[in-house]
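Q: Structure incoming, see below.
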Amino acid sequence: MADKRDYYEVLGVQKSASEDDVKKAYRKLAKQYHPDLNPGDKNAEAKFKEVNEAYEVLSDSDKRARYDQFGHAGVDPNFGGGAGGGNPFQGAGFDFTDIFDSFFGGGFGGSSRRANPNAPRQGSDAQANLAIDFEEAAKGCKKNVEYQQIETCSDCHGTGAEAGTTPKTCPNCNGTGQVRVSQRTPFGVVQSTQSCDRCHGTGKLIEKICHTCDGKGRVRRRKTIEVTVPAGIDDEQVLNVSGHGNAGANGGPNGDLHVYISVRPHPIYKRRGNDVWCEMPITFTQAALGADVEVPTLDGKVSYHVHEGTQPGDVFRLKGKGIQSLRSRSKGDQYVQVTVEVPKNLNKRQKEILAELDNNTDDKNYQKRKTFFSKLKDLFGD
């Protein structure tokens with residue numbers, strides 16, 4: 001843990017940063033270093049993992065509080081390090097909140113209200129990132145997502161004890177995980193409860209630890225699952241996959257998997273809500289005389305009649321050719337902004353034809369030009 005950078009430094013935020021600030025910083029960096037956007041870049045891959053690790057802690061209020069208090073030791077993903085008798089935090093189920101309970105728990109002789117340390121607890125949520133194409137976001141798709149998941153150890157089934165053995169009830173606290181202590185103070189003897197030193201608050205003792213998980217009951221593994229991305233999902237939205245997060249403790253249910261979506265930019269289309277926008281060039285002649293043109297859409301090419309006298313910047317709408325709403329079956333529209341391309345590299349004959357056209361037109365053919373010069377006349381006179 002000594003070589004790890006400070007998690008706030010990794011995300012580039014202050015220690016006082018809000019949840020939204022942390023989330024914005026994470027999304028920006030996750031997108032910047034995503035492996036799909038940096039193929040073969042080992043440095044980007046390492047930074048991507050570092051950013052995910054930092055966000056996993058700072059996005060969780062409990063983990064963030066422990067990290068602020070104890071640093072990396074408070075949120076060590078290996079739950080207290082490897083096997084060895086010298087680590088006072090070793091053993092499945094140890095909770096750093098025990099330290100606070102030792103000072104404030106019970107209170108002046110009152111009974112402890114702390115939850116049963118061996119009660120089932122739901123696992124924390126896991127995170128993953130997924131980059132998809134514009135069309136995949138619009139139409140929906142199925143994708144494989146790879147992420148780190150904490151699973152229940154298959155050898156000890158979460159007990160932390162070697163296969164064939166079971167944890168014993170701690171005789172020091174009778175399995176409660178807490179002991180009552182008396183302290184003499186200037187105000188008399190004060191009784192309080194604190195975490196049991198012998199079992200570290202778990203209420204159980206493991207005589208032979210499971211060597212697969214080093215007595216933690218859970219292991220971290222890389223996992224790949226197929227997820228269904230719904231049609232209409234947008235950039236930076238989060239897809240929740242229920243029950244595929246980290247394993248719970250003491251038989252508790254898994255948390256959820258949060259998949260953060262990044263949509264790659266499209267070379268033609270831009271999204272505004274559920275509407276799709278694009279620019280389409282047409283020729284000077286098509287704009288002047290009108291023409292039937294083919295317009296690309298997410299559903300394939302469609303025919304559209306450009307009316308006579310279409311101007312640069314005019315916008316026409318293709319109803320229902322946008323993106324499906326996530327919350328209903330309705331679809332947005334496609335808006336096409338026309339750009340009129342002025343011809344270049346004209347030969348002599350083409351120039352003569354255009355000059356002839358110009359000689360045979362006047363202000364009634366150019367309304368904008370007529371209006372412009374009329375305003376000039378009003379401002380400056382003849």
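Ordering of the structure tokens sets the chain letters (A, B, ...), residue numbers begin anew at 1 in every chain, and ligands are numbered from 1 in the order given.
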Skip Asp133 in chain A itself and residues of its chain fewer than 2 positions away, then list as number ranges by chain all residues within 6 Å of it, counting only C-alpha atoms.
A: A: 135-136, 263-264
Q: Enumerate, as an MDAnalysis selection string, the complete set of residues in range 213-334 of chain A that a backbone-based DSSP assignment places in alpha helix (DSSP H).
A: chainID A and resid 284:289
Q: Export all heavy atoms of the chosen residues as an mmCIF file, in the first residue's frame?
A:
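Below you can see again09.cif, which holds the result:
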data_model
loop_
_atom_site.group_PDB
_atom_site.id
_atom_site.type_symbol
_atom_site.label_atom_id
_atom_site.label_comp_id
_atom_site.auth_asym_id
_atom_site.auth_seq_id
_atom_site.Cartn_x
_atom_site.Cartn_y
_atom_site.Cartn_z
ATOM 1 N N PHE A 284 -25.705 23.894 -55.732
ATOM 2 C CA PHE A 284 -26.361 25.179 -56.005
ATOM 3 C C PHE A 284 -27.620 24.963 -56.841
ATOM 4 O O PHE A 284 -28.663 25.555 -56.594
ATOM 5 C CB PHE A 284 -25.369 26.099 -56.737
ATOM 6 C CG PHE A 284 -25.961 27.387 -57.212
ATOM 7 C CD1 PHE A 284 -26.120 28.454 -56.352
ATOM 8 C CD2 PHE A 284 -26.375 27.539 -58.533
ATOM 9 C CE1 PHE A 284 -26.675 29.651 -56.791
ATOM 10 C CE2 PHE A 284 -26.928 28.727 -58.987
ATOM 11 C CZ PHE A 284 -27.068 29.787 -58.102
ATOM 12 N N THR A 285 -27.521 24.090 -57.823
ATOM 13 C CA THR A 285 -28.656 23.833 -58.717
ATOM 14 C C THR A 285 -29.793 23.155 -57.968
ATOM 15 O O THR A 285 -30.971 23.490 -58.159
ATOM 16 C CB THR A 285 -28.209 22.962 -59.899
ATOM 17 O OG1 THR A 285 -27.116 23.585 -60.569
ATOM 18 C CG2 THR A 285 -29.350 22.747 -60.878
ATOM 19 N N GLN A 286 -29.471 22.166 -57.103
ATOM 20 C CA GLN A 286 -30.512 21.495 -56.322
ATOM 21 C C GLN A 286 -31.237 22.488 -55.422
ATOM 22 O O GLN A 286 -32.455 22.426 -55.266
ATOM 23 C CB GLN A 286 -29.885 20.373 -55.477
ATOM 24 C CG GLN A 286 -29.443 19.160 -56.266
ATOM 25 C CD GLN A 286 -28.705 18.150 -55.399
ATOM 26 O OE1 GLN A 286 -27.934 18.537 -54.508
ATOM 27 N NE2 GLN A 286 -28.932 16.874 -55.659
ATOM 28 N N ALA A 287 -30.484 23.399 -54.832
ATOM 29 C CA ALA A 287 -31.096 24.393 -53.948
ATOM 30 C C ALA A 287 -31.986 25.352 -54.733
ATOM 31 O O ALA A 287 -33.074 25.729 -54.282
ATOM 32 C CB ALA A 287 -30.012 25.166 -53.203
ATOM 33 N N ALA A 288 -31.550 25.745 -55.919
ATOM 34 C CA ALA A 288 -32.297 26.727 -56.711
ATOM 35 C C ALA A 288 -33.539 26.125 -57.349
ATOM 36 O O ALA A 288 -34.615 26.743 -57.341
ATOM 37 C CB ALA A 288 -31.394 27.316 -57.786
ATOM 38 N N LEU A 289 -33.398 24.918 -57.908
ATOM 39 C CA LEU A 289 -34.496 24.324 -58.673
ATOM 40 C C LEU A 289 -35.324 23.324 -57.882
ATOM 41 O O LEU A 289 -36.423 22.949 -58.306
ATOM 42 C CB LEU A 289 -33.933 23.627 -59.916
ATOM 43 C CG LEU A 289 -33.120 24.510 -60.869
ATOM 44 C CD1 LEU A 289 -32.639 23.678 -62.057
ATOM 45 C CD2 LEU A 289 -33.948 25.705 -61.347
#
Q: Counting only C-alpha atoms, which residues of range 254-316 of chain A fall within 7 Å of range 238-242 of chain A, and what is the closest atom pair for each with its distance in Å at one decimal, ordered by chain and rising number, as a Markdown table?
A:
| residue | atom | partner | partner_atom | distance |
| --- | --- | --- | --- | --- |
| A:Asp256 | CA | A:Ser242 | CA | 4.6 |
| A:Leu257 | CA | A:Val241 | CA | 5.0 |
| A:His258 | CA | A:Asn240 | CA | 4.8 |
| A:Val259 | CA | A:Leu239 | CA | 4.9 |
| A:Tyr260 | CA | A:Val238 | CA | 4.6 |
| A:Ile261 | CA | A:Val238 | CA | 6.0 |
Q: Report the distance between CA of Asp333 in chain A and CA of Asp292 in chain A in Å, rounded to one decimal place.
A: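 Computing it gives 19.9 Å between the two atoms.
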Q: Write out as a VMD selection string which residues come within 12 Å of Ala54 in chain A when counting only C-alpha atoms, dropping same-chain ones fewer than 4 positions away.
A: chain A and resid 4 to 13 22 to 23 25 to 26 29 to 30 47 to 50 58 to 60 63 to 64 67 71 to 72 75 to 77 127
Q: Looking at A:Ala355, A:Ala73, A:Ile132, A:Leu376, which one is nearest to Pro230 in chain A, with distances taken over only C-alpha atoms?
A: A:Ile132
Q: Could you go through range 213-369 of chain A and tell me which residues DSSP, when run on the backbone, assigns to strand (DSSP E), listing them as a PyMOL selection string?
A: chain A and resi 218-229+238-241+257-263+270-272+275-283+291-297+300-306+315-318+334-341
Q: Using only C-alpha atoms, determine which residues lie at most 12 Å from Glu162 in chain A, disregarding the query and same-chain residues fewer than 6 positions distant; provide the list as a list in words.
A: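 Skipping anything fewer than 6 positions along the chain leaves Cys153, Ser154, Asp155, Cys156, Ile206, Glu207, Lys208, Ile209, Cys210, His211, Thr212, Cys213, Asp214, Gly215, Lys216 and Gly217 of chain A.
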Q: To one decimal in Å, tell me the separation between CA of Leu205 in chain A and CA of Thr169 in chain A.
A: 6.2 Å
Q: Tell me, in Å to one decimal, how far CA of Leu354 in chain A is from CA of Val336 in chain A.
A: 27.9 Å
Q: So which one's closest to Gly322 in chain A, A:Gly158, A:Ala138, A:Asn144, A:Thr224? Using only C-alpha atoms, please.
A: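 Among A:Gly158, A:Ala138, A:Asn144, A:Thr224, it is A:Ala138 that comes nearest to Gly322 in chain A.
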Q: If we count only C-alpha atoms, what is near Lys344 in chain A at a cut-off of 12 Å, once residues fewer than 6 positions away on the same chain are taken out, given as a list of chain:residue names?
A: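 Once the adjacent positions are removed, what remains is A:Thr283, A:Phe284, A:Gln350, A:Lys351.
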Q: Generate the output file for the selected residues, N, CA, C and O atoms, as an mmCIF file, in the first residue's frame.
A:
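The file below, part28.cif, is the result:
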data_model
loop_
_atom_site.group_PDB
_atom_site.id
_atom_site.type_symbol
_atom_site.label_atom_id
_atom_site.label_comp_id
_atom_site.auth_asym_id
_atom_site.auth_seq_id
_atom_site.Cartn_x
_atom_site.Cartn_y
_atom_site.Cartn_z
ATOM 1 N N THR A 283 -26.156 20.764 -53.955
ATOM 2 C CA THR A 283 -25.554 21.633 -54.970
ATOM 3 C C THR A 283 -26.356 22.922 -55.119
ATOM 4 O O THR A 283 -27.517 23.018 -54.698
ATOM 5 N N PHE A 284 -25.705 23.894 -55.732
ATOM 6 C CA PHE A 284 -26.361 25.179 -56.005
ATOM 7 C C PHE A 284 -27.620 24.963 -56.841
ATOM 8 O O PHE A 284 -28.663 25.555 -56.594
ATOM 9 N N GLN A 350 -18.648 26.468 -68.209
ATOM 10 C CA GLN A 350 -19.450 26.548 -66.984
ATOM 11 C C GLN A 350 -19.519 27.989 -66.465
ATOM 12 O O GLN A 350 -20.567 28.452 -66.019
ATOM 13 N N LYS A 351 -18.397 28.683 -66.563
ATOM 14 C CA LYS A 351 -18.388 30.084 -66.129
ATOM 15 C C LYS A 351 -19.304 30.932 -67.001
ATOM 16 O O LYS A 351 -19.989 31.846 -66.512
#
Q: Need the shell around range 246-251 of chain A: protein/DNA/RNA residues with any atom at most 12 Å away, counting only C-alpha atoms. Skip same-chain ones fewer than 3 positions apart. Format as a ChimeraX atom specification?
A: /A:56,77,92-95,116-127,147-154,156-160,202,216-223,241-243,254-258
Q: Pick out the closest residue to Gly175 in chain A from this set: A:Phe70, A:Ala137, A:Lys204, A:Asp197. Count only C-alpha atoms.
A: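 Using only C-alpha atoms, Gly175 in chain A sits closest to A:Lys204.
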Q: Please identify all polymer residues within 9 Å of Ala231 in chain A, counting only C-alpha atoms, omitting same-chain residues fewer than 6 positions from it, and present them as a PyMOL selection string.
A: chain A and resi 136-141+323-326
Q: Just C-alpha atoms for this one: save the residues we selected as a PDB file, in the first residue's frame.
A:
ATOM      1  CA  GLU A 136     -25.369   0.984 -30.521  1.00  0.00           C
ATOM      2  CA  ALA A 137     -26.573   3.596 -28.048  1.00  0.00           C
ATOM      3  CA  ALA A 138     -29.486   4.520 -30.312  1.00  0.00           C
ATOM      4  CA  LYS A 139     -30.580   0.977 -31.159  1.00  0.00           C
ATOM      5  CA  GLY A 140     -29.464  -0.954 -28.073  1.00  0.00           C
ATOM      6  CA  CYS A 141     -27.026  -3.850 -28.060  1.00  0.00           C
ATOM      7  CA  ILE A 323     -33.640   8.014 -31.034  1.00  0.00           C
ATOM      8  CA  GLN A 324     -36.063   5.989 -28.953  1.00  0.00           C
ATOM      9  CA  SER A 325     -36.817   7.259 -25.469  1.00  0.00           C
ATOM     10  CA  LEU A 326     -35.537   5.148 -22.575  1.00  0.00           C
TER      11      LEU A 326
END
